[in-house]
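Participant: Pasting query31.txt below, which is compact mmCIF, C-alpha atoms.
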# COMPACT_ATOMS: atom_id res chain seq x y z
CA MET A 1 -2.93 -145.66 80.04
CA ASN A 2 -4.22 -149.02 78.81
CA ARG A 3 -2.74 -150.74 81.85
CA ARG A 4 -4.42 -148.20 84.13
CA LEU A 5 -7.75 -148.71 82.41
CA GLY A 6 -7.32 -152.44 82.73
CA LEU A 7 -6.63 -152.15 86.43
CA MET A 8 -9.66 -149.93 86.80
CA GLY A 9 -11.79 -152.54 85.09
CA ILE A 10 -10.48 -155.29 87.31
CA GLY A 11 -10.97 -153.10 90.35
CA SER A 12 -14.53 -152.29 89.38
CA ALA A 13 -15.31 -155.96 88.94
CA ILE A 14 -13.76 -156.80 92.30
CA ALA A 15 -15.64 -153.97 93.98
CA THR A 16 -18.87 -155.34 92.53
CA LEU A 17 -18.07 -158.81 93.84
CA VAL A 18 -17.18 -157.38 97.25
CA SER A 19 -20.77 -156.20 97.60
CA GLY A 20 -22.00 -159.79 97.30
CA CYS A 21 -21.58 -163.08 99.10
CA SER A 22 -18.20 -163.89 97.49
CA ALA A 23 -16.39 -160.91 99.01
CA ALA A 24 -14.23 -162.93 101.38
CA GLN A 25 -13.15 -165.42 98.71
CA VAL A 26 -12.32 -162.69 96.19
CA LEU A 27 -10.18 -160.63 98.54
CA ASP A 28 -8.59 -163.66 100.20
CA HIS A 29 -7.14 -164.75 96.86
CA LEU A 30 -5.77 -161.28 96.16
CA VAL A 31 -4.30 -160.37 99.55
CA ALA A 32 -0.79 -161.46 100.52
CA HIS A 33 -0.27 -164.18 103.10
CA ASP A 34 3.42 -163.52 103.78
CA SER A 35 3.26 -160.01 105.27
CA TYR A 36 2.11 -161.01 108.75
CA HIS A 37 2.06 -163.71 111.39
CA GLY A 38 0.16 -164.24 114.61
CA PRO A 39 -2.22 -166.55 116.44
CA THR A 40 -5.75 -167.21 115.19
CA GLY A 41 -8.88 -168.31 117.00
CA VAL A 42 -7.69 -166.91 120.32
CA PRO A 43 -10.40 -166.93 123.03
CA TYR A 44 -11.03 -163.59 124.73
CA GLY A 45 -14.12 -164.69 126.68
CA PRO A 46 -16.27 -167.72 127.52
CA ASP A 47 -18.65 -167.81 124.52
CA PRO A 48 -17.85 -169.76 121.32
CA ARG A 49 -18.08 -166.44 119.44
CA HIS A 50 -15.46 -164.87 121.71
CA LEU A 51 -12.56 -165.48 119.35
CA LEU A 52 -10.06 -163.19 117.65
CA ASP A 53 -7.20 -163.29 115.16
CA VAL A 54 -3.96 -161.35 115.52
CA TYR A 55 -1.95 -159.89 112.61
CA GLN A 56 1.61 -158.98 113.58
CA PRO A 57 3.90 -157.35 111.01
CA ASP A 58 6.29 -159.87 109.47
CA SER A 59 9.00 -157.39 108.52
CA GLY A 60 11.24 -158.22 111.47
CA THR A 61 11.76 -154.52 112.12
CA VAL A 62 8.67 -153.80 114.22
CA PRO A 63 9.58 -151.96 117.43
CA GLY A 64 8.22 -153.02 120.79
CA ASN A 65 5.93 -150.00 120.83
CA ALA A 66 3.97 -150.54 117.62
CA PRO A 67 0.44 -149.15 117.42
CA VAL A 68 -2.40 -151.66 117.81
CA VAL A 69 -5.82 -151.52 116.13
CA LEU A 70 -8.76 -153.68 117.21
CA PHE A 71 -11.21 -154.01 114.29
CA PHE A 72 -14.95 -154.76 114.42
CA TYR A 73 -16.71 -155.74 111.19
CA GLY A 74 -20.19 -154.79 110.07
CA GLY A 75 -23.13 -156.93 108.95
CA ASN A 76 -26.20 -155.29 110.48
CA TRP A 77 -25.26 -156.89 113.82
CA THR A 78 -26.70 -160.16 112.45
CA ARG A 79 -23.87 -161.62 110.37
CA GLY A 80 -20.10 -161.59 109.95
CA GLU A 81 -17.00 -163.69 110.56
CA ARG A 82 -13.53 -162.49 111.42
CA ALA A 83 -11.94 -164.61 108.67
CA GLU A 84 -13.76 -162.50 106.07
CA TYR A 85 -11.70 -159.48 107.15
CA ARG A 86 -8.22 -160.90 106.77
CA PHE A 87 -7.67 -158.14 104.20
CA VAL A 88 -8.02 -155.53 106.97
CA GLY A 89 -5.50 -157.27 109.21
CA GLU A 90 -3.07 -157.76 106.32
CA ALA A 91 -3.27 -154.14 105.19
CA LEU A 92 -2.47 -152.85 108.67
CA ALA A 93 0.22 -155.43 109.48
CA ALA A 94 1.95 -154.81 106.14
CA ASN A 95 2.34 -151.20 107.28
CA GLY A 96 3.80 -151.88 110.73
CA ILE A 97 0.56 -151.88 112.73
CA ILE A 98 -0.57 -154.81 114.88
CA ALA A 99 -4.18 -155.66 114.01
CA VAL A 100 -6.71 -157.66 116.00
CA VAL A 101 -9.96 -158.78 114.34
CA ALA A 102 -12.61 -160.06 116.74
CA ASP A 103 -15.86 -161.95 116.40
CA TYR A 104 -18.74 -161.00 118.68
CA ARG A 105 -22.19 -162.42 119.40
CA LEU A 106 -24.90 -161.42 116.96
CA SER A 107 -28.60 -160.60 116.98
CA PRO A 108 -31.11 -162.17 117.49
CA HIS A 109 -29.15 -164.26 120.01
CA VAL A 110 -28.20 -161.10 121.87
CA HIS A 111 -29.27 -157.46 121.76
CA TYR A 112 -27.01 -154.43 121.57
CA ASP A 113 -25.94 -154.68 125.20
CA GLY A 114 -24.68 -158.20 124.51
CA PHE A 115 -22.50 -157.45 121.51
CA LEU A 116 -21.19 -154.24 123.06
CA GLY A 117 -20.19 -156.21 126.15
CA ASP A 118 -18.36 -158.65 123.87
CA CYS A 119 -16.49 -155.83 122.14
CA ALA A 120 -15.46 -154.45 125.52
CA LEU A 121 -14.05 -157.86 126.46
CA ALA A 122 -12.11 -157.98 123.18
CA LEU A 123 -10.66 -154.56 123.95
CA GLN A 124 -9.69 -155.67 127.45
CA TRP A 125 -7.82 -158.64 125.91
CA THR A 126 -6.12 -156.37 123.38
CA LEU A 127 -4.96 -153.87 125.98
CA SER A 128 -3.66 -156.58 128.32
CA HIS A 129 -1.80 -158.43 125.53
CA ALA A 130 -0.56 -155.46 123.49
CA ALA A 131 2.92 -155.46 125.01
CA SER A 132 3.44 -159.20 124.59
CA LEU A 133 2.49 -158.86 120.92
CA GLY A 134 5.11 -156.15 120.39
CA GLY A 135 2.71 -153.26 120.71
CA ASP A 136 2.30 -150.29 123.00
CA PRO A 137 -0.74 -150.44 125.34
CA ALA A 138 -0.82 -146.64 125.21
CA ARG A 139 -1.26 -146.74 121.43
CA VAL A 140 -4.31 -149.00 121.17
CA MET A 141 -7.23 -147.87 119.01
CA VAL A 142 -10.56 -149.37 118.00
CA MET A 143 -11.82 -149.27 114.43
CA GLY A 144 -14.99 -150.54 112.79
CA HIS A 145 -16.97 -150.51 109.59
CA SER A 146 -20.74 -149.95 109.43
CA ALA A 147 -22.29 -151.80 112.41
CA GLY A 148 -18.75 -152.39 113.66
CA ALA A 149 -18.14 -148.63 113.58
CA TYR A 150 -21.13 -148.26 115.90
CA ASN A 151 -19.50 -150.78 118.26
CA ALA A 152 -16.20 -148.89 118.18
CA ALA A 153 -17.98 -145.58 118.74
CA MET A 154 -19.83 -146.82 121.79
CA LEU A 155 -16.63 -148.11 123.42
CA ALA A 156 -14.95 -144.76 122.74
CA LEU A 157 -17.86 -142.53 123.79
CA ASP A 158 -20.04 -144.36 126.33
CA PRO A 159 -18.14 -145.28 129.53
CA ARG A 160 -20.75 -147.87 130.62
CA TRP A 161 -19.24 -150.68 128.55
CA LEU A 162 -15.65 -150.44 129.77
CA ALA A 163 -16.34 -149.51 133.40
CA PRO A 164 -17.10 -153.10 134.59
CA LEU A 165 -13.66 -154.09 133.28
CA GLY A 166 -11.84 -151.30 135.10
CA LEU A 167 -11.30 -149.38 131.86
CA THR A 168 -12.47 -146.06 130.45
CA PRO A 169 -12.59 -144.51 126.96
CA ASN A 170 -9.37 -142.75 127.96
CA SER A 171 -7.73 -146.17 127.76
CA LEU A 172 -7.85 -145.63 123.98
CA ALA A 173 -5.37 -143.61 121.94
CA GLY A 174 -8.15 -142.97 119.45
CA TRP A 175 -10.90 -144.55 117.41
CA ILE A 176 -11.80 -144.83 113.73
CA GLY A 177 -15.28 -145.12 112.23
CA LEU A 178 -15.84 -146.20 108.61
CA ALA A 179 -19.35 -145.52 107.29
CA GLY A 180 -20.85 -145.92 110.75
CA PRO A 181 -24.43 -145.43 111.98
CA TYR A 182 -24.19 -143.09 114.96
CA ASP A 183 -27.66 -141.51 115.00
CA PHE A 184 -30.33 -143.86 113.63
CA LEU A 185 -33.51 -143.44 115.64
CA PRO A 186 -36.28 -144.12 114.76
CA ILE A 187 -35.39 -147.61 113.48
CA GLY A 188 -36.96 -148.85 110.26
CA ASP A 189 -34.83 -151.88 109.35
CA PRO A 190 -36.47 -155.09 110.72
CA GLU A 191 -33.15 -156.71 111.69
CA VAL A 192 -31.92 -153.61 113.46
CA ARG A 193 -35.25 -153.30 115.29
CA VAL A 194 -34.65 -156.73 116.81
CA ALA A 195 -31.04 -155.95 117.74
CA PHE A 196 -32.05 -152.74 119.51
CA GLY A 197 -35.44 -153.77 120.93
CA TRP A 198 -37.40 -151.17 119.00
CA PRO A 199 -39.61 -149.32 119.94
CA GLN A 200 -38.25 -149.47 123.50
CA THR A 201 -34.82 -148.39 122.25
CA PRO A 202 -33.38 -145.76 124.63
CA ALA A 203 -31.81 -142.57 123.32
CA ASN A 204 -28.57 -143.48 125.08
CA SER A 205 -28.13 -146.41 122.69
CA GLN A 206 -26.88 -143.87 120.14
CA PRO A 207 -23.28 -142.67 119.91
CA ILE A 208 -24.52 -139.14 119.16
CA PHE A 209 -25.99 -139.08 122.69
CA TYR A 210 -22.46 -138.99 124.18
CA ALA A 211 -20.83 -136.57 121.74
CA ASN A 212 -21.04 -133.47 123.93
CA THR A 213 -18.07 -134.41 126.11
CA LYS A 214 -14.45 -134.77 125.08
CA ALA A 215 -13.67 -138.19 123.60
CA PRO A 216 -10.51 -139.93 122.37
CA ARG A 217 -8.95 -138.65 119.16
CA THR A 218 -11.35 -139.48 116.33
CA LEU A 219 -11.20 -140.28 112.61
CA LEU A 220 -14.50 -140.54 110.71
CA LEU A 221 -14.54 -141.70 107.08
CA ALA A 222 -17.47 -142.39 104.78
CA ALA A 223 -18.65 -142.38 101.18
CA ARG A 224 -20.18 -139.02 100.38
CA ASN A 225 -23.13 -140.66 98.62
CA ASP A 226 -23.52 -143.71 100.87
CA THR A 227 -27.00 -145.14 100.20
CA VAL A 228 -26.98 -147.46 103.24
CA VAL A 229 -25.98 -145.10 106.06
CA ASP A 230 -26.60 -141.38 105.55
CA ALA A 231 -23.14 -139.80 105.78
CA GLN A 232 -24.44 -136.29 106.44
CA ARG A 233 -26.59 -137.29 109.39
CA ASN A 234 -24.22 -139.83 110.87
CA THR A 235 -20.60 -139.06 109.98
CA VAL A 236 -20.84 -135.29 109.58
CA GLY A 237 -23.38 -134.96 112.37
CA LEU A 238 -21.26 -136.87 114.86
CA ALA A 239 -18.10 -135.00 113.84
CA ASN A 240 -19.77 -131.64 114.43
CA ARG A 241 -21.05 -132.65 117.85
CA LEU A 242 -17.70 -134.12 118.89
CA ARG A 243 -15.84 -130.98 117.83
CA ALA A 244 -18.26 -128.85 119.81
CA GLY A 245 -17.46 -130.99 122.85
CA GLY A 246 -13.72 -130.45 122.48
CA THR A 247 -12.72 -133.69 120.75
CA GLU A 248 -9.96 -133.71 118.13
CA VAL A 249 -11.72 -134.95 115.00
CA ALA A 250 -10.59 -135.70 111.46
CA ILE A 251 -13.31 -136.33 108.89
CA GLN A 252 -13.21 -137.18 105.22
CA LEU A 253 -15.97 -138.04 102.75
CA PHE A 254 -14.90 -139.90 99.61
CA ASP A 255 -16.38 -139.71 96.14
CA ASN A 256 -16.74 -142.64 93.71
CA ILE A 257 -17.06 -145.31 96.39
CA GLY A 258 -20.01 -146.69 98.36
CA HIS A 259 -20.85 -148.18 101.72
CA VAL A 260 -19.09 -151.52 101.24
CA THR A 261 -16.15 -150.22 99.24
CA THR A 262 -15.32 -147.81 102.07
CA VAL A 263 -13.88 -150.80 103.92
CA ALA A 264 -12.89 -152.76 100.80
CA ALA A 265 -10.52 -149.91 99.89
CA LEU A 266 -8.38 -150.97 102.86
CA ALA A 267 -7.41 -154.08 100.89
CA ARG A 268 -4.10 -153.40 99.18
CA PRO A 269 -5.33 -154.63 95.76
CA LEU A 270 -8.10 -152.01 96.00
CA ASP A 271 -6.41 -149.21 97.91
CA TRP A 272 -6.19 -147.06 94.78
CA ILE A 273 -9.98 -146.61 94.48
CA ALA A 274 -9.98 -144.17 97.43
CA PRO A 275 -7.27 -143.12 99.94
CA VAL A 276 -8.94 -144.87 102.87
CA LEU A 277 -5.85 -146.91 103.81
CA PRO A 278 -3.29 -144.06 103.75
CA THR A 279 -5.68 -141.86 105.72
CA VAL A 280 -6.11 -144.55 108.39
CA LEU A 281 -2.37 -145.20 108.50
CA ALA A 282 -1.56 -141.52 108.95
CA PHE A 283 -4.08 -141.20 111.76
CA VAL A 284 -2.87 -144.31 113.59
CA ARG A 285 0.72 -143.11 113.30
CA GLY A 286 -0.23 -139.88 115.00
CA GLU A 287 -0.21 -137.35 112.18
CA SER A 288 -1.37 -133.97 113.49
CA LEU A 289 -4.67 -132.43 112.44
CA ARG A 290 -5.24 -129.09 110.80
CA SER A 291 -6.77 -126.68 113.30
CA ASP A 292 -8.82 -125.00 110.57
CA SER A 293 -10.43 -127.89 108.71
CA ASN A 294 -9.83 -130.90 110.99
CA THR A 295 -8.52 -132.94 108.09
CA LEU A 296 -5.32 -134.92 108.12
CA MET A 297 -2.28 -132.85 107.19
CA ASN A 298 -0.72 -135.81 105.39
CA THR A 299 -2.79 -138.72 104.10
CA THR A 300 -0.02 -140.55 102.28
CA ALA A 301 1.78 -143.47 103.87
Would you encode the structure as structure tokens?
Facilitator:
Amino acid sequence: MNRRLGLMGIGSAIATLVSGCSAAQVLDHLVAHDSYHGPTGVPYGPDPRHLLDVYQPDSGTVPGNAPVVLFFYGGNWTRGERAEYRFVGEALAANGIIAVVADYRLSPHVHYDGFLGDCALALQWTLSHAASLGGDPARVMVMGHSAGAYNAAMLALDPRWLAPLGLTPNSLAGWIGLAGPYDFLPIGDPEVRVAFGWPQTPANSQPIFYANTKAPRTLLLAARNDTVVDAQRNTVGLANRLRAGGTEVAIQLFDNIGHVTTVAALARPLDWIAPVLPTVLAFVRGESLRSDSNTLMNTTA
């Protein structure tokens, strides 16, 4: 019991640090470096921000048809670096999943059409290189946290971004949103107003706008009491609309975590604070969904 309480205290301290500027340094020191390999700083487009890192499982037993997850980080579309999310790549690779973490251009240098175009390019790279990395192009998913979940949602729901590349949302085996904003008009946040050109922001800039038609298999996770992005309006609201349109949706709201710790719980030193990682793993591996509640039948890895 004392050991458990001690771990809880350490975890609480880490979770507090994760919400500040030292998040990357804290998690980087705690996450293993020997569970994966793969190239870093790989260009996927012409801009200096068009770079990605690949995390391939280092077990030596990964089949040639491993699932692949392309991850987009959050940061209000104004900040973020792929190196800060090594813990996401490590957590997935340590469990037999090939992870790709991509940078993309940020506001105010580009607006939402710019960073969504970048994310589409990163997905094109991932699909075209999946096989050479040991993955299955038919098992590629996109995942994001917060602003990155918006990016993932738009690739999965709005065909405009993939069409110029000869792709469609059906190119995806599924998508995963962690604490994402999917329905946020009108815009109050000054940074987000710039990124989305408020008040001339069109309704079709919102993932919820596209939720009436069938989309790729979907997993939506959030903190029940998220104070940054309203989980009821965004996560639950999008899930309900997607289900009504015929999409297979799994949704789970977690207690005792917040907006940032929804993604921090993917880090293996923190995965005990909420079952975010096992839920993601089960979904990526293709666990079936309950027809009654649309929750995962098995959320343990």
Participant: Which one is closest to Asn170 in chain A: A:Ala267, A:Ala215, A:Ala153, A:Leu242? Count only C-alpha atoms.
Facilitator: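 Smallest separation from Asn170 in chain A among the options: A:Ala215.
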Participant: Give me, as a Markdown table, each residue of range 84-155 of chain A that comes within 8 Å of range 281-287 of chain A, together with its shortest interatomic pair and the distance in Å at one decimal, counting only C-alpha atoms, with rows ordered by chain and rising residue number.
Facilitator:
| residue | atom | partner | partner_atom | distance |
| --- | --- | --- | --- | --- |
| A:Leu92 | CA | A:Leu281 | CA | 7.7 |
| A:Asn95 | CA | A:Leu281 | CA | 7.7 |
| A:Met141 | CA | A:Val284 | CA | 7.8 |
Participant: Would you mind reading off the distance between CA of Gln252 in chain A and CA of Leu52 in chain A, one decimal, in Å?
Facilitator: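 Computed distance, CA of Gln252 in chain A to CA of Leu52 in chain A, equals 29.0 Å.
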Participant: Can you report as lines of an AutoDock Vina configuration file the centre and edge lengths in Å, to one decimal, of an axis-aligned box around the listed atoms of range 117-129 of chain A padded with 8 Å on each side?
Facilitator:
center_x = -11.0
center_y = -156.3
center_z = 125.2
size_x = 34.4
size_y = 20.8
size_z = 22.2
Participant: Near range 115-117 of chain A, within 9 Å and counting all atoms listed in the file, which residues show up once chain neighbours fewer than 4 positions away are dropped, as a count of residues only?
Facilitator: 15
Participant: With all atoms listed in the file as the basis for distance, which of A:Pro202, A:Pro216, A:Gly89, A:Gly166 is at the shortest distance from Leu123 in chain A?
Facilitator: A:Gly166
Participant: Here is a test: counting all atoms listed in the file, which residue of A:Pro137, A:Pro169, A:Gly258, A:Pro164 is nearest to Asn65 in chain A?
Facilitator: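 Among A:Pro137, A:Pro169, A:Gly258, A:Pro164, it is A:Pro137 that comes nearest to Asn65 in chain A.
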Participant: Which one is closest to Asn234 in chain A: A:Ser146, A:Asn256, A:Ser205, A:Asn212? Count all atoms listed in the file.
Facilitator: A:Ser146
Participant: What's around Val249 in chain A at 7 Å? Count only C-alpha atoms, leave out sequence neighbours fewer than 6 positions away in its own chain, and write the answer as a list of chain:residue names.
Facilitator: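 Listing them by chain and then by number gives A:Arg217, A:Thr218, A:Leu219, A:Ala239, A:Arg243, A:Asn294.
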